[in-house]
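Here is the structure we will look at.
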Amino acid sequence: MYFKEIELRNFRNYIHCVQSFHEKVNIITGDNGNGKTNLAEALYMMCLARSFRTSREKEMIRFGESFAFIRTVFSRDDRSLRAELKLSQTGKEILINGVKRKRSDLPLYINIVVFSPDDMKIVKEDPDKRRRFINRELCQIRPVYYEALYRYTKVLEQRNSLLREERIPSMMMDIWDEELAAYGAKLILERNAFLERLDKISGEIHRAITNGKETLKIEYEADILPQPDEASQKAVFLKALKENSEKERIRRITLAGPHKDDMKLSINGIDVRRFGSQGQQRTAALSLKLAEIRLISEETGELPVLILDDVLSELDQKRQDFLIGYLKDVQIFLTATEVKESLLERIGAYYLYHVDKGVISLLSEKK
Ligand SMILES: Nc1ncnc2c1ncn2[C@@H]1O[C@H](COP(=O)(O)OP(=O)(O)OP(=O)(O)O)[C@@H](O)[C@H]1O
Ligand SMILES: [Mg+2]
């Protein structure tokens, strides 16, 4: 799929903007703080109805305004479609071709892989960064996951607030346990299947980037071990909750569950989370992102859009070339404060834009 056009109203520092895009490469330049990442964020909102950099949604509404609006025309299956999202103080409204839809419907139409400096750190940083990576990808390809994650997070919050109370009615706790285990079981099984596939695909890509020198392996470090089916998964989860109940009353927080999961990345048998060099971590992050693109396209039959927000300069020329060569058919949005002429020469066709205080203009194009 690819974006043909976007319209923004009161979105961050954009007052009003309508911009059409190149089917392949769109390069957005501009000084710091002018709206490059804001544009990337607006595009990403049309995929998961959430930002890749904040969980405080109202932040995206332009200061002093009451709503933000994003409309996009995109192509999928050779059809031209329209998606609209209105963000107000009271919530979000999503329309596809004028019909009201749920947020979890968006990734049935629009898929995006974003690669930002934050993702570059995914290998080294805390497990929550890796869980967020898993969540973002699974929400796009598995609507059941999107739903289960949303519910699990809500139930977890409620269960934690119950644990903070002085007296905990056991009937209430039983209800939350049941729900947490039911949604949690789905998450564990989906993650298990996803990480197995991700392991295979990213392993191949990583070998190609390193000319066969490095073998990347991904393993699911599940807090509650995966079981063969949902019923037994739920039973094992419930058992863990019961076993932890004494400790939880002292610590006043839910101790077991997929909110504690991690994924292990190793290169040639060595844990890169702890021992990987900076270059190895970057290459591993790149392999993961490229694997995501392939996984999404295998799952949905359409290539996702790739957003490279400020990351190209962090990759050396060899990796940049691998990336550009690998992504010939993918629509790319690439942001940077400046681009080198040598990079432009290596890209076949593109539009080059400049953004200045929330105003985008087309600088040049190569067809
Ligand atoms: N809700 C908002 N209303 C108005 N302006 C906002 C809002 N949120 C952020 N901004 C402005 O948007 C600008 C940041 O935009 P953005 O993050 O897109 O910059 P950038 O071009 O990606 O910069 P950098 O090169 O530093 O990454 C800041 O100037 C900030 O004040
Ligand atoms: Mg930025």
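We name chains A, B, ... following the order of the structure tokens; residues begin at 1 in each chain, and ligands are numbered from 1 as shown.
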
Checklist line | Expected answer as a PyMOL selection string: residues within 8 Å of ligand 1, only C-alpha atoms and all ligand atoms | finding: chain A and resi 10-14+29-40+58-64+309-310+335-337+355+357-358

Notebook entry, point to check: stretch 78-93 of chain A: which residues within 6 Å, counting only C-alpha atoms, same-chain residues fewer than 6 positions away excluded, as a PyMOL selection string?
Noted result: chain A and resi 67-72

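The residue that comes closest to A:Glu248, out of A:Ser20, A:Asn160, A:Asn26, A:Gln278 and on the basis of only C-alpha atoms, is A:Asn160.
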
Check: Which of these residues is nearest to ligand 2, using only C-alpha atoms and all ligand atoms: A:Leu290, A:Ile28, A:Val73, A:Leu48?
Finding: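 Looking only at the distances to ligand 2, the closest residue turns out to be A:Ile28.
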
Note to self: Considering only strand (DSSP E) as DSSP defines it on the backbone, what residues of stretch 14-96 of chain A qualify? List them as number ranges by chain.
What the structure shows: A: 14-20, 25-29, 67-76, 79-88, 91-96

Note to self: Using only C-alpha atoms, can you tell me which of A:Lys340, A:Val144, A:Val330, A:Arg249 comes closest to A:Ile168?
What the structure shows: A:Arg249

Notebook entry, point to check: Excluding same-chain residues fewer than 2 positions from A:Leu241, what lies within 9 Å of it counting only C-alpha atoms, as a PyMOL selection string?
Noted result: chain A and resi 177+181+236-239+243-245+248+254-257

Note to self: According to DSSP computed on the backbone, where in stretch 155-217 of chain A is there alpha helix (DSSP H)? Give the residues as an MDAnalysis selection string.
What the structure shows: chainID A and resid 155:163 170:209
